[in-house]
Every structure is written in structure tokens, then in C-alpha cells.
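*Asks:* This structure is in C-alpha cells; I'll ask about it shortly.
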Amino acid sequence: MTSAMKKIQPEAFSEKSSDSQASVSGAKSSSFYIGMRVLPPAEREAMYAIYNFCRQVDDIADDLEGSQEERKQALDAWRHDINTLYAGGPCGQAAFLKEPVARFHLRQEDFIAVIDGMAMDLKGPIVFPDEATLDLYCDRVASAVGRLSVYVFGMDPNIGESLAYHLGRALQLTNILRDIDEDAEIGRCYLPREPLEKAGIPLDIEKALADPRLDKVCRDLAWQAEGHYAASDHIIHNRPKGYLIAPRLMAAAYSALLRKMLAQGWKNPRKKVKHNKLALLWTLLRLKVTS
């Protein structure tokens, strides 16, 4: 999958739209469906709507059968409908977002940032971006979704945006490290250019992924993610106001994935690590008891 969902959104959130029961079915297969089910109804439905938006724009970016121009036009249509929604006009396919936008004061620029993140994948496969570009990508496809979410969770904006900054980047970097071989199959590699060049690894996907020095580069990126998890944990453990069980579950689940990857390493042959759903359920029960 491309970005935002590899990205984190779809896995991390659940979905529903006013016009698509299929969205709910898709959400039920998500590892975090049960995490969103514990939210009150209004908040839960808002998260379903955010997820549905993310899923739809991500599907456009991932539609490798569509031409670049067709996908660009589809994303432009979404950008137009979001802008029209905030202008108070007929908003077409974005109509299901009207209620959560009004109720939770969701920001226009965060929806647009998600679309802009998807558009980055349309300019050609992202391959060895520089560190600044990778950080911008993480902000758009992951932290922007977090910024939308923390308003639904009822957090103080300043604290919530700090959590979205750190947790979004932690989750996205974890996904990148988990999916390097899947991404390579479709000509993508989100590993940053500078540490690869410093390690003397050739900027060729096939050669880079076979290079034994890649393990060190990936471990360094994993430690960056761990730093963001630590910052997220610090915010959450201070118990700010809001519904925190969903971000707590995401942080616990994805940091566990990262620990598995660090234990396994990134040398060939690699084995993709996966969520343990029973462990996730146990984590959720534990978090509910301690919240």
C-alpha cells in the first residue's frame, strides 16, 4: 500500500461513511476496530468518517491501474470538495464529513495535508527521499491524521498536536521499516537517502535491500522511531484530558512491532513481522483497566 495507509491511518482507525456499509465491514478487519468501538457514539462515528476519507484518498494513490493523470484528477476532486465543504457549498463526495467537521472543529488544512501526502506518491515512486522530504511525507500521511483525531478525542489542541507529531512519525517509520520488501516490489523505498549514502550503500533498490550494511541504517531509523514513541508515552502518561485509549493502543501495538523488528534485524532473508491480535486484545483490556 502507498503511504497514508501504510501510513498508518487505515490500520490504526476504523471506518464508516453515511453512504457505505462496506466501509464498516472493512473496518472490522482492522486491528484497531475494537479500540475505536470503546469511544462514545459521536466520537466513534467521527473516527469512522476520518478513516473512510483516508481510505478513499489512499486507494486513489494506490490504484496502479489508473494513469497518473486520472489519479491526479481524482485527488484534485477531493481537494475541491474539501475546500467547498469549508466554504459552505455543495461538497459532493465529502458530504459525510460535514457533521464531524462541525461537531469537532476539524481543520481544513489537515484534510488537505493528507491529500497532499497522497499526491507525493503520484509524482513517481518515492525512492530514497532526502530526510526533509521523508519527514514532510510522514507529517502529511500520518501526523495530519493524528491532528484530526486528537480533536475528536477531546484533547487540548497544543498537547494533542504534540502527540500527533510524535506518534504519527513513530507509526509511519515503523510501517516503513516493516514494509520495505513490499514497497520494493512496486518500485518504492522510503528509506532516507543521507544515511544510505553515508554507509556507502548504492541507491538502487535491489542492491540496497541485499546490502548487509542496510541493517545498521534500518536500526538507526528504528531508534528515531523509538524516540518518538518515548515522547508520545511521556505525553500520554501525564494524563491530559481526552479519550486516550486509542492512541495508547496504537503506541503499544506498533512499538511492540518495532521491538520485534529490532530483535530480528533487517539482514536478508527478512521476515515481515505482524500484529498478534490476541496480544492486542489483552493490551486493550489492560489499558481499559488502568485508564
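Going through the C-alpha cells in order, the chains are called A, B, and so on, while each chain numbers its residues from 1 and the ligands are numbered from 1 in the order shown.
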Write out as an mmCIF file with N, CA, C and O atoms, in the first residue's frame each polymer residue whose atoms come within 8 Å of Arg178 of chain A, counting only C-alpha atoms; drop sequence neighbours fewer than 5 positions from it.

*Replies:*
```
data_model
loop_
_atom_site.group_PDB
_atom_site.id
_atom_site.type_symbol
_atom_site.label_atom_id
_atom_site.label_comp_id
_atom_site.auth_asym_id
_atom_site.auth_seq_id
_atom_site.Cartn_x
_atom_site.Cartn_y
_atom_site.Cartn_z
ATOM 1 N N MET A 261 11.054 -6.185 15.264
ATOM 2 C CA MET A 261 11.945 -5.953 14.130
ATOM 3 C C MET A 261 13.377 -5.736 14.593
ATOM 4 O O MET A 261 14.325 -6.227 13.972
ATOM 5 N N LYS A 272 8.552 -10.563 7.465
ATOM 6 C CA LYS A 272 7.696 -9.465 7.896
ATOM 7 C C LYS A 272 7.038 -9.788 9.224
ATOM 8 O O LYS A 272 6.447 -10.855 9.393
ATOM 9 N N VAL A 273 7.151 -8.861 10.180
ATOM 10 C CA VAL A 273 6.511 -9.059 11.475
ATOM 11 C C VAL A 273 5.053 -8.630 11.383
ATOM 12 O O VAL A 273 4.683 -7.773 10.577
#
```

*Asks:* Using only C-alpha atoms, which protein or nucleic acid residues come within 6 Å of segment 152-165 of chain A? Drop anything in the same chain fewer than 3 positions from it, and give the result as a PyMOL selection string.

*Replies:* chain A and resi 43+104+143+146-147+149+168+232+241-243

*Asks:* Let's have the selection written as a PDB file, in the first residue's frame, with N, CA, C and O atoms.

*Replies:*
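Output file selection_29.pdb follows:
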```
ATOM      1  N   GLU A  43     -18.026  10.350  18.869  1.00  0.00           N
ATOM      2  CA  GLU A  43     -16.593  10.293  18.599  1.00  0.00           C
ATOM      3  C   GLU A  43     -16.259   9.098  17.710  1.00  0.00           C
ATOM      4  O   GLU A  43     -15.432   9.189  16.804  1.00  0.00           O
ATOM      5  N   PHE A 104     -16.614  18.664  15.822  1.00  0.00           N
ATOM      6  CA  PHE A 104     -15.311  18.598  16.478  1.00  0.00           C
ATOM      7  C   PHE A 104     -14.322  19.643  15.969  1.00  0.00           C
ATOM      8  O   PHE A 104     -13.154  19.621  16.353  1.00  0.00           O
ATOM      9  N   SER A 143       0.926  12.197  10.693  1.00  0.00           N
ATOM     10  CA  SER A 143       0.675  13.174  11.762  1.00  0.00           C
ATOM     11  C   SER A 143      -0.551  14.028  11.479  1.00  0.00           C
ATOM     12  O   SER A 143      -1.261  14.427  12.415  1.00  0.00           O
ATOM     13  N   GLY A 146      -3.375  12.210  12.730  1.00  0.00           N
ATOM     14  CA  GLY A 146      -3.368  12.341  14.183  1.00  0.00           C
ATOM     15  C   GLY A 146      -3.923  13.670  14.638  1.00  0.00           C
ATOM     16  O   GLY A 146      -4.652  13.742  15.640  1.00  0.00           O
ATOM     17  N   ARG A 147      -3.614  14.739  13.915  1.00  0.00           N
ATOM     18  CA  ARG A 147      -4.151  16.049  14.296  1.00  0.00           C
ATOM     19  C   ARG A 147      -5.669  16.081  14.188  1.00  0.00           C
ATOM     20  O   ARG A 147      -6.356  16.677  15.023  1.00  0.00           O
ATOM     21  N   SER A 149      -7.526  13.447  14.559  1.00  0.00           N
ATOM     22  CA  SER A 149      -8.026  12.523  15.567  1.00  0.00           C
ATOM     23  C   SER A 149      -8.044  13.126  16.968  1.00  0.00           C
ATOM     24  O   SER A 149      -8.980  12.899  17.736  1.00  0.00           O
ATOM     25  N   GLY A 168       2.533  10.103  15.159  1.00  0.00           N
ATOM     26  CA  GLY A 168       2.409   9.925  13.717  1.00  0.00           C
ATOM     27  C   GLY A 168       3.725   9.515  13.087  1.00  0.00           C
ATOM     28  O   GLY A 168       3.787   8.587  12.259  1.00  0.00           O
ATOM     29  N   SER A 232       5.836  10.329  22.853  1.00  0.00           N
ATOM     30  CA  SER A 232       4.394  10.090  22.906  1.00  0.00           C
ATOM     31  C   SER A 232       3.993   9.535  24.261  1.00  0.00           C
ATOM     32  O   SER A 232       2.985   9.962  24.857  1.00  0.00           O
ATOM     33  N   LYS A 241      -6.356  15.640  29.298  1.00  0.00           N
ATOM     34  CA  LYS A 241      -7.774  15.334  29.117  1.00  0.00           C
ATOM     35  C   LYS A 241      -7.997  14.726  27.740  1.00  0.00           C
ATOM     36  O   LYS A 241      -7.241  14.958  26.803  1.00  0.00           O
ATOM     37  N   GLY A 242      -9.064  13.960  27.625  1.00  0.00           N
ATOM     38  CA  GLY A 242      -9.427  13.386  26.342  1.00  0.00           C
ATOM     39  C   GLY A 242      -9.498  11.867  26.402  1.00  0.00           C
ATOM     40  O   GLY A 242      -9.103  11.236  27.386  1.00  0.00           O
ATOM     41  N   TYR A 243     -10.012  11.289  25.334  1.00  0.00           N
ATOM     42  CA  TYR A 243     -10.112   9.833  25.212  1.00  0.00           C
ATOM     43  C   TYR A 243      -8.778   9.312  24.682  1.00  0.00           C
ATOM     44  O   TYR A 243      -8.490   9.407  23.494  1.00  0.00           O
TER      45      TYR A 243
END
```

*Asks:* Please indicate the distance in Å from atom CA of Ala61 of chain A to atom CA of Ile176 of chain A, rounded to one decimal place.

*Replies:*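 One can read the atom CA of Ala61 of chain A to atom CA of Ile176 of chain A distance as 16.6 Å.
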
*Asks:* Write out as a PDB file with all heavy atoms, in the first residue's frame the residues lying within 9 Å of Arg259 of chain A, counting only C-alpha atoms and excluding same-chain residues fewer than 5 positions away.

*Replies:*
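Final output, saved to out.pdb:
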```pdb
ATOM      1  N   ALA A 222      14.993   2.991  13.228  1.00  0.00           N
ATOM      2  CA  ALA A 222      14.159   2.430  14.295  1.00  0.00           C
ATOM      3  C   ALA A 222      14.383   3.178  15.598  1.00  0.00           C
ATOM      4  O   ALA A 222      13.431   3.423  16.360  1.00  0.00           O
ATOM      5  CB  ALA A 222      14.457   0.942  14.466  1.00  0.00           C
ATOM      6  N   TYR A 254       2.231  -0.785  17.955  1.00  0.00           N
ATOM      7  CA  TYR A 254       3.262  -0.556  16.947  1.00  0.00           C
ATOM      8  C   TYR A 254       4.660  -0.530  17.547  1.00  0.00           C
ATOM      9  O   TYR A 254       5.629  -0.924  16.891  1.00  0.00           O
ATOM     10  CB  TYR A 254       2.959   0.731  16.177  1.00  0.00           C
ATOM     11  CG  TYR A 254       1.991   0.496  15.044  1.00  0.00           C
ATOM     12  CD1 TYR A 254       0.619   0.473  15.272  1.00  0.00           C
ATOM     13  CD2 TYR A 254       2.443   0.262  13.758  1.00  0.00           C
ATOM     14  CE1 TYR A 254      -0.278   0.235  14.240  1.00  0.00           C
ATOM     15  CE2 TYR A 254       1.559   0.027  12.718  1.00  0.00           C
ATOM     16  CZ  TYR A 254       0.192   0.011  12.970  1.00  0.00           C
ATOM     17  OH  TYR A 254      -0.678  -0.244  11.948  1.00  0.00           O
ATOM     18  N   GLN A 264      14.859  -9.019  15.386  1.00  0.00           N
ATOM     19  CA  GLN A 264      15.062  -9.837  14.187  1.00  0.00           C
ATOM     20  C   GLN A 264      16.116  -9.247  13.258  1.00  0.00           C
ATOM     21  O   GLN A 264      16.887  -9.964  12.622  1.00  0.00           O
ATOM     22  CB  GLN A 264      13.727  -9.958  13.446  1.00  0.00           C
ATOM     23  CG  GLN A 264      13.767 -10.664  12.118  1.00  0.00           C
ATOM     24  CD  GLN A 264      12.387 -10.749  11.493  1.00  0.00           C
ATOM     25  OE1 GLN A 264      11.531 -11.487  11.943  1.00  0.00           O
ATOM     26  NE2 GLN A 264      12.150  -9.947  10.451  1.00  0.00           N
TER      27      GLN A 264
END
```

*Asks:* Using only C-alpha atoms, which residues sit within 12 Å of Glu197 of chain A once same-chain residues fewer than 5 positions away are excluded, as a list in words?

*Replies:*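 The neighbour list is Phe128, Pro129, Asp130, Glu131, Leu191, Pro192, Pro202, Leu203, Asp204, Ala208, Arg213, Leu214 and Val217 of chain A.
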
*Asks:* Those same residues, written as a short mmCIF file (atom, residue, chain, number, x, y, z; two decimals), in the first residue's frame with N, CA, C and O atoms?

*Replies:*
```cif
data_model
loop_
_atom_site.label_atom_id
_atom_site.label_comp_id
_atom_site.auth_asym_id
_atom_site.auth_seq_id
_atom_site.Cartn_x
_atom_site.Cartn_y
_atom_site.Cartn_z
N PHE A 128 14.22 6.56 -2.00
CA PHE A 128 15.31 7.17 -1.27
C PHE A 128 15.14 8.69 -1.14
O PHE A 128 15.98 9.47 -1.61
N PRO A 129 14.05 9.15 -0.51
CA PRO A 129 13.86 10.59 -0.33
C PRO A 129 14.91 11.16 0.62
O PRO A 129 15.46 10.42 1.45
N ASP A 130 15.21 12.43 0.47
CA ASP A 130 16.08 13.02 1.48
C ASP A 130 15.31 13.12 2.79
O ASP A 130 14.08 12.97 2.84
N GLU A 131 16.02 13.35 3.88
CA GLU A 131 15.40 13.28 5.21
C GLU A 131 14.30 14.31 5.38
O GLU A 131 13.28 14.05 6.03
N LEU A 191 13.22 4.63 2.64
CA LEU A 191 14.39 4.82 3.48
C LEU A 191 15.12 6.10 3.05
O LEU A 191 15.29 6.35 1.85
N PRO A 192 15.57 6.92 4.01
CA PRO A 192 16.16 8.20 3.64
C PRO A 192 17.53 8.05 2.98
O PRO A 192 18.31 7.14 3.28
N PRO A 202 24.62 1.52 -2.28
CA PRO A 202 24.20 2.07 -3.58
C PRO A 202 22.72 2.42 -3.57
O PRO A 202 21.90 1.71 -2.98
N LEU A 203 22.39 3.53 -4.24
CA LEU A 203 21.00 3.99 -4.30
C LEU A 203 20.27 3.27 -5.43
O LEU A 203 19.79 3.88 -6.39
N ASP A 204 20.20 1.99 -5.28
CA ASP A 204 19.49 1.10 -6.19
C ASP A 204 18.70 0.16 -5.29
O ASP A 204 19.27 -0.46 -4.38
N ALA A 208 20.41 -2.18 -2.64
CA ALA A 208 20.35 -1.66 -1.27
C ALA A 208 19.72 -2.68 -0.32
O ALA A 208 20.21 -2.89 0.80
N ARG A 213 24.89 -3.92 5.01
CA ARG A 213 25.00 -2.67 5.77
C ARG A 213 23.65 -2.01 6.00
O ARG A 213 23.52 -1.08 6.80
N LEU A 214 22.63 -2.50 5.29
CA LEU A 214 21.28 -1.93 5.44
C LEU A 214 20.76 -2.11 6.86
O LEU A 214 20.00 -1.27 7.35
N VAL A 217 21.51 0.91 8.96
CA VAL A 217 20.70 2.06 8.57
C VAL A 217 19.28 1.92 9.13
O VAL A 217 18.72 2.87 9.67
#
```

*Asks:* Skip segment 92-98 of chain A itself and residues of its chain fewer than 5 positions away, then list as number ranges by chain all residues within 9 Å of it, counting only C-alpha atoms.

*Replies:* A: 17-19, 46, 49-50, 53, 77-78, 81-82, 84-86, 103

*Asks:* Taking only segment 24-133 of chain A into account, list the residues labelled alpha helix (DSSP H) by DSSP (computed from the backbone), as a ChimeraX atom specification.

*Replies:* /A:24-28,33-37,41-62,68-87,98-104,108-122,131-133
